[in-house]
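Next comes work29.pdb, with PDB, C-alpha atoms.
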ATOM      1  CA  MET X1029      65.401  24.137  79.416
ATOM      2  CA  CYS X1030      67.982  24.107  76.611
ATOM      3  CA  ARG X1031      71.554  24.658  77.660
ATOM      4  CA  LEU X1032      73.827  26.919  75.610
ATOM      5  CA  PRO X1033      77.002  25.316  74.329
ATOM      6  CA  GLY X1034      79.875  25.672  76.732
ATOM      7  CA  LEU X1035      83.195  27.307  75.940
ATOM      8  CA  ASP X1036      84.803  23.965  75.143
ATOM      9  CA  GLN X1037      82.032  23.143  72.665
ATOM     10  CA  TRP X1038      82.441  26.508  70.917
ATOM     11  CA  ARG X1039      86.166  25.884  70.660
ATOM     12  CA  GLY X1040      85.518  22.472  69.140
ATOM     13  CA  LEU X1041      83.087  23.894  66.586
ATOM     14  CA  LEU X1042      85.539  26.657  65.670
ATOM     15  CA  ALA X1043      88.348  24.137  65.256
ATOM     16  CA  LEU X1044      86.133  22.006  63.015
ATOM     17  CA  LEU X1045      85.194  25.002  60.861
ATOM     18  CA  LEU X1046      88.837  26.001  60.511
ATOM     19  CA  LEU X1047      89.757  22.448  59.538
ATOM     20  CA  LEU X1048      87.021  22.346  56.880
ATOM     21  CA  LEU X1049      88.164  25.711  55.516
ATOM     22  CA  CYS X1050      91.765  24.505  55.308
ATOM     23  CA  LEU X1051      90.691  21.343  53.504
ATOM     24  CA  GLN X1052      88.662  23.397  51.018
ATOM     25  CA  GLN X1053      91.615  25.687  50.307
ATOM     26  CA  ALA X1054      93.976  22.724  49.950
ATOM     27  CA  ALA X1055      91.583  21.009  47.541
ATOM     28  CA  GLY X1056      91.322  24.191  45.457
ATOM     29  CA  ALA X1057      95.110  24.551  45.304
ATOM     30  CA  ALA X1058      95.504  20.891  44.373
ATOM     31  CA  LEU X1059      92.948  21.318  41.566
ATOM     32  CA  ILE X1060      94.827  24.326  40.181
ATOM     33  CA  HIS X1061      98.108  22.409  40.190
ATOM     34  CA  ALA X1062      96.428  19.427  38.548
ATOM     35  CA  LYS X1063      95.028  21.636  35.774
ATOM     36  CA  ALA X1064      98.428  23.297  35.277
ATOM     37  CA  TRP X1065     100.029  19.876  34.871
ATOM     38  CA  LEU X1066      97.305  18.264  32.784
ATOM     39  CA  ALA X1067      96.577  21.064  30.281
ATOM     40  CA  PRO X1068      99.999  20.961  28.509
ATOM     41  CA  VAL X1069      99.735  17.179  28.229
ATOM     42  CA  LEU X1070      96.292  17.373  26.623
ATOM     43  CA  LEU X1071      97.396  20.186  24.301
ATOM     44  CA  GLU X1072     100.405  18.163  23.168
ATOM     45  CA  HIS X1073      98.176  15.166  22.445
ATOM     46  CA  ALA X1074      95.815  17.426  20.477
ATOM     47  CA  TRP X1075      98.740  18.745  18.420
ATOM     48  CA  GLN X1076      99.962  15.241  17.632
ATOM     49  CA  ARG X1077      96.445  14.336  16.481
ATOM     50  CA  THR X1078      96.428  17.465  14.311
ATOM     51  CA  LEU X1079      99.665  16.406  12.616
ATOM     52  CA  SER X1080      98.545  12.813  12.135
ATOM     53  CA  ARG X1081      95.157  13.796  10.681
ATOM     54  CA  GLY X1082      96.370  16.313   8.128
ATOM     55  CA  GLY X1083      95.898  19.596   9.946
ATOM     56  CA  GLY X1084      92.259  19.749  11.056
ATOM     57  CA  PRO X1085      91.432  21.386  14.421
ATOM     58  CA  GLN X1086      91.668  18.987  17.355
ATOM     59  CA  LYS X1087      90.293  20.179  20.689
ATOM     60  CA  PRO X1088      92.413  19.250  23.714
ATOM     61  CA  TRP X1089      89.265  18.590  25.779
ATOM     62  CA  PRO X1090      85.617  18.440  24.672
ATOM     63  CA  TRP X1091      84.536  21.842  26.037
ATOM     64  CA  ALA X1092      87.673  23.732  24.942
ATOM     65  CA  ASP X1093      87.151  26.881  22.862
ATOM     66  CA  THR X1094      90.688  26.762  21.462
ATOM     67  CA  TRP X1095      93.103  24.242  19.922
ATOM     68  CA  PRO X1096      96.726  24.129  18.718
ATOM     69  CA  VAL X1097      97.347  25.760  15.327
ATOM     70  CA  ALA X1098     101.163  25.842  15.226
ATOM     71  CA  ARG X1099     104.306  25.119  17.214
ATOM     72  CA  LEU X1100     106.699  28.010  17.843
ATOM     73  CA  ARG X1101     110.351  27.335  18.644
ATOM     74  CA  ALA X1102     113.165  29.746  19.523
ATOM     75  CA  PRO X1103     116.244  27.494  19.476
ATOM     76  CA  LEU X1104     118.716  29.936  21.034
ATOM     77  CA  GLN X1105     116.370  30.581  23.958
ATOM     78  CA  ALA X1106     115.412  26.874  24.336
ATOM     79  CA  VAL X1107     111.722  27.790  23.871
ATOM     80  CA  ASP X1108     109.142  25.345  22.522
ATOM     81  CA  LEU X1109     105.501  26.503  22.639
ATOM     82  CA  LEU X1110     102.219  25.417  21.149
ATOM     83  CA  VAL X1111     100.318  28.298  19.557
ATOM     84  CA  LEU X1112      96.563  28.217  20.162
ATOM     85  CA  ALA X1113      93.652  29.464  18.102
ATOM     86  CA  GLY X1114      92.511  32.941  19.156
ATOM     87  CA  ASP X1115      94.053  35.534  21.457
ATOM     88  CA  SER X1116      91.317  35.758  24.091
ATOM     89  CA  GLY X1117      92.055  35.456  27.783
ATOM     90  CA  ASN X1118      90.887  31.840  27.833
ATOM     91  CA  ALA X1119      93.389  30.814  25.164
ATOM     92  CA  LEU X1120      96.272  32.905  26.516
ATOM     93  CA  ALA X1121      95.956  31.215  29.893
ATOM     94  CA  PHE X1122      97.310  28.027  28.291
ATOM     95  CA  GLY X1123      99.769  29.422  25.739
ATOM     96  CA  PRO X1124     100.392  32.075  23.101
ATOM     97  CA  GLY X1125      97.444  32.670  20.784
ATOM     98  CA  HIS X1126      97.131  33.402  17.080
ATOM     99  CA  ALA X1127      95.051  36.495  16.301
ATOM    100  CA  SER X1128      92.264  35.359  14.013
ATOM    101  CA  ALA X1129      92.209  38.726  12.205
ATOM    102  CA  SER X1130      95.773  38.166  10.994
ATOM    103  CA  ALA X1131      97.177  35.833   8.343
ATOM    104  CA  GLN X1132      97.313  32.112   8.991
ATOM    105  CA  PRO X1133     100.729  30.984  10.264
ATOM    106  CA  GLY X1134     103.043  30.191   7.369
ATOM    107  CA  SER X1135     100.889  31.863   4.712
ATOM    108  CA  GLN X1136     101.254  35.121   2.829
ATOM    109  CA  GLY X1137     100.588  38.121   5.065
ATOM    110  CA  ARG X1138     101.415  38.988   8.665
ATOM    111  CA  ALA X1139     100.646  36.301  11.226
ATOM    112  CA  VAL X1140     100.230  37.843  14.688
ATOM    113  CA  ILE X1141     100.816  35.757  17.820
ATOM    114  CA  ALA X1142     100.232  37.227  21.279
ATOM    115  CA  GLY X1143     101.268  35.941  24.693
ATOM    116  CA  HIS X1144     101.623  36.987  28.323
ATOM    117  CA  ARG X1145     104.825  38.852  29.193
ATOM    118  CA  ASP X1146     105.300  37.062  32.523
ATOM    119  CA  THR X1147     104.806  33.483  31.302
ATOM    120  CA  HIS X1148     104.968  32.124  27.755
ATOM    121  CA  PHE X1149     106.310  35.275  26.055
ATOM    122  CA  ALA X1150     108.787  36.342  28.736
ATOM    123  CA  PHE X1151     111.534  35.169  26.366
ATOM    124  CA  LEU X1152     110.755  37.928  23.854
ATOM    125  CA  ARG X1153     113.020  40.300  25.768
ATOM    126  CA  LYS X1154     115.953  37.980  24.981
ATOM    127  CA  LEU X1155     115.423  37.875  21.218
ATOM    128  CA  ARG X1156     117.932  39.777  19.086
ATOM    129  CA  PRO X1157     117.966  40.658  15.367
ATOM    130  CA  GLY X1158     119.113  37.645  13.401
ATOM    131  CA  ASP X1159     117.940  35.092  15.972
ATOM    132  CA  PRO X1160     116.166  32.108  14.387
ATOM    133  CA  LEU X1161     112.530  31.205  14.951
ATOM    134  CA  GLN X1162     110.741  28.110  13.711
ATOM    135  CA  LEU X1163     107.042  27.605  13.137
ATOM    136  CA  GLN X1164     105.720  24.086  12.656
ATOM    137  CA  LEU X1165     102.451  24.085  10.730
ATOM    138  CA  PRO X1166      99.389  21.824  11.192
ATOM    139  CA  ARG X1167     100.224  19.798   8.095
ATOM    140  CA  GLY X1168     103.722  19.107   9.394
ATOM    141  CA  GLY X1169     105.844  21.584   7.423
ATOM    142  CA  VAL X1170     108.235  23.936   9.198
ATOM    143  CA  ARG X1171     108.732  27.608   8.367
ATOM    144  CA  HIS X1172     112.051  29.222   9.326
ATOM    145  CA  TYR X1173     112.273  32.896  10.279
ATOM    146  CA  GLN X1174     114.860  35.366  11.480
ATOM    147  CA  VAL X1175     114.141  38.175  13.929
ATOM    148  CA  ALA X1176     114.193  41.484  12.062
ATOM    149  CA  ALA X1177     113.414  44.045  14.787
ATOM    150  CA  ALA X1178     111.888  44.658  18.205
ATOM    151  CA  ASN X1179     109.816  47.727  19.065
ATOM    152  CA  VAL X1180     107.691  49.209  21.834
ATOM    153  CA  VAL X1181     104.405  50.680  20.591
ATOM    154  CA  ASP X1182     101.399  52.321  22.209
ATOM    155  CA  ALA X1183      98.239  50.355  21.429
ATOM    156  CA  THR X1184      96.114  53.497  21.792
ATOM    157  CA  GLN X1185      98.106  55.330  19.128
ATOM    158  CA  GLN X1186      98.978  52.659  16.590
ATOM    159  CA  GLN X1187      97.213  49.871  14.722
ATOM    160  CA  LEU X1188      98.760  47.186  12.568
ATOM    161  CA  GLN X1189      97.784  46.811   8.945
ATOM    162  CA  VAL X1190      97.316  43.113   8.267
ATOM    163  CA  ASP X1191      97.566  42.637   4.500
ATOM    164  CA  ASP X1192      99.058  40.404   1.803
ATOM    165  CA  SER X1193     102.241  42.435   1.218
ATOM    166  CA  GLY X1194     104.473  39.488   2.128
ATOM    167  CA  GLU X1195     104.924  36.732   4.667
ATOM    168  CA  SER X1196     105.977  37.839   8.145
ATOM    169  CA  LEU X1197     105.576  36.903  11.780
ATOM    170  CA  LEU X1198     104.794  39.330  14.591
ATOM    171  CA  LEU X1199     105.047  38.348  18.265
ATOM    172  CA  VAL X1200     103.262  40.677  20.703
ATOM    173  CA  THR X1201     103.213  40.969  24.485
ATOM    174  CA  CYS X1202     102.520  43.605  27.133
ATOM    175  CA  TYR X1203     105.278  46.000  28.214
ATOM    176  CA  PRO X1204     107.200  46.657  30.454
ATOM    177  CA  PHE X1205     108.105  43.075  31.278
ATOM    178  CA  ASP X1206     108.541  43.778  34.986
ATOM    179  CA  ALA X1207     105.401  45.910  35.418
ATOM    180  CA  LEU X1208     103.263  45.094  38.444
ATOM    181  CA  LEU X1209     100.060  45.549  36.411
ATOM    182  CA  SER X1210      99.390  44.444  32.830
ATOM    183  CA  ALA X1211      96.578  46.857  31.985
ATOM    184  CA  GLY X1212      98.786  49.456  30.276
ATOM    185  CA  SER X1213      98.681  50.372  26.606
ATOM    186  CA  LEU X1214     102.329  49.628  25.766
ATOM    187  CA  ARG X1215     103.149  46.554  23.702
ATOM    188  CA  TYR X1216     106.495  44.918  22.952
ATOM    189  CA  THR X1217     106.574  43.578  19.404
ATOM    190  CA  VAL X1218     109.084  41.329  17.674
ATOM    191  CA  SER X1219     108.902  41.085  13.895
ATOM    192  CA  ALA X1220     110.439  38.212  11.978
ATOM    193  CA  LEU X1221     110.840  37.485   8.269
ATOM    194  CA  PRO X1222     111.330  34.195   6.416
ATOM    195  CA  SER X1223     114.928  33.042   6.469
ATOM    196  CA  PRO X1224     116.154  33.311   2.846
ATOM    197  CA  LEU X1225     118.463  30.310   3.256
ATOM    198  CA  LEU X1226     116.074  27.945   5.021
ATOM    199  CA  ALA X1227     112.478  28.857   4.180
ATOM    200  CA  ALA X1228     110.984  27.357   1.055
ATOM    201  CA  ARG X1229     107.987  29.545   0.299
ATOM    202  CA  PRO X1230     104.685  27.720  -0.244
ATOM    203  CA  ALA X1231     102.146  28.871  -2.783
ATOM    204  CA  PRO X1232     100.779  32.270  -1.637
ATOM    205  CA  VAL X1233      97.393  32.269   0.034
ATOM    206  CA  PRO X1234      95.713  35.671  -0.545
ATOM    207  CA  MET X1235      94.489  37.421   2.591
ATOM    208  CA  PRO X1236      92.013  40.317   2.687
ATOM    209  CA  ARG X1237      93.335  43.658   3.903
ATOM    210  CA  GLN X1238      92.409  44.042   7.580
ATOM    211  CA  VAL X1239      93.357  45.995  10.681
ATOM    212  CA  PHE X1240      94.585  44.310  13.838
ATOM    213  CA  SER X1241      94.373  46.131  17.169
ATOM    214  CA  LEU X1242      97.314  45.546  19.477
TER     215      LEU X1242
END
Take the structure in the file and give it back as structure tokens.
Amino acid sequence: MCRLPGLDQWRGLLALLLLLLCLQQAAGAALIHAKAWLAPVLLEHAWQRTLSRGGGPQKPWPWADTWPVARLRAPLQAVDLLVLAGDSGNALAFGPGHASASAQPGSQGRAVIAGHRDTHFAFLRKLRPGDPLQLQLPRGGVRHYQVAAANVVDATQQQLQVDDSGESLLLVTCYPFDALLSAGSLRYTVSALPSPLLAARPAPVPMPRQVFSL
């Protein structure tokens, strides 16, 4: 006749299961921290390859669906960020993303860059009119901008016309900055124009007239 496990055996099995669960959770947390540390390193290496190879896309890891397309600096806020291709959730998890429907960074038209309000683009709330911004381009040149204005817009009521009316930079994030949820329709936008004293305009690159949804 088979004997049922005693109370001590059940306690031992329960302790073993709890230990295995703790180890699994610890391994998952360690993997997340490892990814958080490793991703910026790989992105930086990809950007350096981009600069050294004349501007072509360089994936940070073989299965990546994004890559660095510019480097955004805000000197007064001590911010230095790599801008990634695309503004999908996958790209925005690693840094601000360039909206593909907008102008290419540094070219004629409005280049739109989006980022999360509670991580990479938290500094937008500190920008003031006249503050400098710098955008390093894939071929190594640097465009200099000055903040022109900051506005709060409702994405359900307003769309941005992306055309070739002149070079500009638009930084976009969710609003309010301290909201518990990020699913609202409000967006905080910072527009910047080329600095007349520092920016040497390249030859214009025509862009088709398009509409960008915030």
Residues within 6 Å of (99.8, 34.0, 17.9), file coordinates, counting only C-alpha atoms: what are they? Give the list as a list in words.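 The residues that fall inside the cut-off are Val1111, Pro1124, Gly1125, His1126, Ala1127, Val1140, Ile1141 and Ala1142 of chain X.
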Output the residue selection produced by the PyMOL selection byres ((chain X and resi 1211) around 12) on the file above, formatted as a PDB file with C-alpha atoms, keeping the file's coordinate frame.
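Contents of the output file selection.pdb:
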ATOM      1  CA  HIS X1144     101.623  36.987  28.323  1.00  0.00           C
ATOM      2  CA  ARG X1145     104.825  38.852  29.193  1.00  0.00           C
ATOM      3  CA  ALA X1183      98.239  50.355  21.429  1.00  0.00           C
ATOM      4  CA  THR X1201     103.213  40.969  24.485  1.00  0.00           C
ATOM      5  CA  CYS X1202     102.520  43.605  27.133  1.00  0.00           C
ATOM      6  CA  TYR X1203     105.278  46.000  28.214  1.00  0.00           C
ATOM      7  CA  PRO X1204     107.200  46.657  30.454  1.00  0.00           C
ATOM      8  CA  ALA X1207     105.401  45.910  35.418  1.00  0.00           C
ATOM      9  CA  LEU X1208     103.263  45.094  38.444  1.00  0.00           C
ATOM     10  CA  LEU X1209     100.060  45.549  36.411  1.00  0.00           C
ATOM     11  CA  SER X1210      99.390  44.444  32.830  1.00  0.00           C
ATOM     12  CA  GLY X1212      98.786  49.456  30.276  1.00  0.00           C
ATOM     13  CA  SER X1213      98.681  50.372  26.606  1.00  0.00           C
ATOM     14  CA  LEU X1214     102.329  49.628  25.766  1.00  0.00           C
ATOM     15  CA  ARG X1215     103.149  46.554  23.702  1.00  0.00           C
TER      16      ARG X1215
END
Explicit residues for the PyMOL selection byres ((chain X and resi 1112) around 8) (as number ranges by chain): X: 1094-1098, 1110-1111, 1113-1115, 1119-1120, 1123-1126
Which residues are close to Asn1118 of chain X, i.e. within 8 Å by only C-alpha atoms, leaving aside same-chain residues fewer than 3 positions away? Reply as number ranges by chain. X: 1093, 1121-1122
Please save C-alpha atoms of the selected residues as a PDB file, keeping the file's coordinate frame.
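File result09.pdb, as written:
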ATOM      1  CA  ASP X1093      87.151  26.881  22.862  1.00  0.00           C
ATOM      2  CA  ALA X1121      95.956  31.215  29.893  1.00  0.00           C
ATOM      3  CA  PHE X1122      97.310  28.027  28.291  1.00  0.00           C
TER       4      PHE X1122
END
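Of the residues under consideration (X:Thr1147, X:Gln1162, X:Gln1174, X:Ser1080), X:Gln1174 shows the shortest atom-to-atom contact distance to Pro1224 of chain X when counting all atoms listed in the file.
Going from atom CA of Thr1078 of chain X to atom CA of Pro1133 of chain X covers 14.8 Å.
Using all atoms listed in the file, the contacts of segment 1083-1086 of chain X at a cut-off of 7 Å, with sequence neighbours closer than 3 positions omitted, comprise X:Ala1074, X:Arg1077, X:Thr1078, X:Leu1079, X:Trp1095, X:Pro1166, X:Arg1167.
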File dump, residues just selected, C-alpha atoms, as a PDB file, keeping the file's coordinate frame:
ATOM      1  CA  ALA X1074      95.815  17.426  20.477  1.00  0.00           C
ATOM      2  CA  ARG X1077      96.445  14.336  16.481  1.00  0.00           C
ATOM      3  CA  THR X1078      96.428  17.465  14.311  1.00  0.00           C
ATOM      4  CA  LEU X1079      99.665  16.406  12.616  1.00  0.00           C
ATOM      5  CA  TRP X1095      93.103  24.242  19.922  1.00  0.00           C
ATOM      6  CA  PRO X1166      99.389  21.824  11.192  1.00  0.00           C
ATOM      7  CA  ARG X1167     100.224  19.798   8.095  1.00  0.00           C
TER       8      ARG X1167
END
Atom CA of Tyr1216 of chain X to atom CA of Leu1199 of chain X, straight-line distance in Å: 8.2 Å
List the residues sitting within 6 Å of (102.8, 41.0, 10.9) in the file's frame, using all atoms listed in the file, as a list in words.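 Taken together, the residues in range are Arg1138, Ala1139, Val1140, Ser1196, Leu1197 and Leu1198 of chain X.
Omitting Ala1177 of chain X and its sequence neighbours fewer than 5 positions away, and counting all atoms listed in the file, the residues within 10 Å are Leu1155, Arg1156, Pro1157, Gly1158, Leu1198, Thr1217, Val1218, Ser1219, Ala1220 and Leu1221 of chain X.
Closest approach to Leu1066 of chain X among X:Ser1193, X:Pro1088, X:Gly1168, X:Asp1206: X:Pro1088, based on only C-alpha atoms.
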To one decimal place, how far is atom CA of Leu1100 of chain X from atom CA of Leu1163 of chain X in Å?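 These two atoms are separated by 4.7 Å.
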Need the axis-aligned box for segment 1067-1079 of chain X with 4 Å each side, so what are the centre and edges in Å to one decimal, as JSON?
{"center_x": 98.1, "center_y": 17.7, "center_z": 21.4, "size_x": 12.6, "size_y": 14.7, "size_z": 25.7}
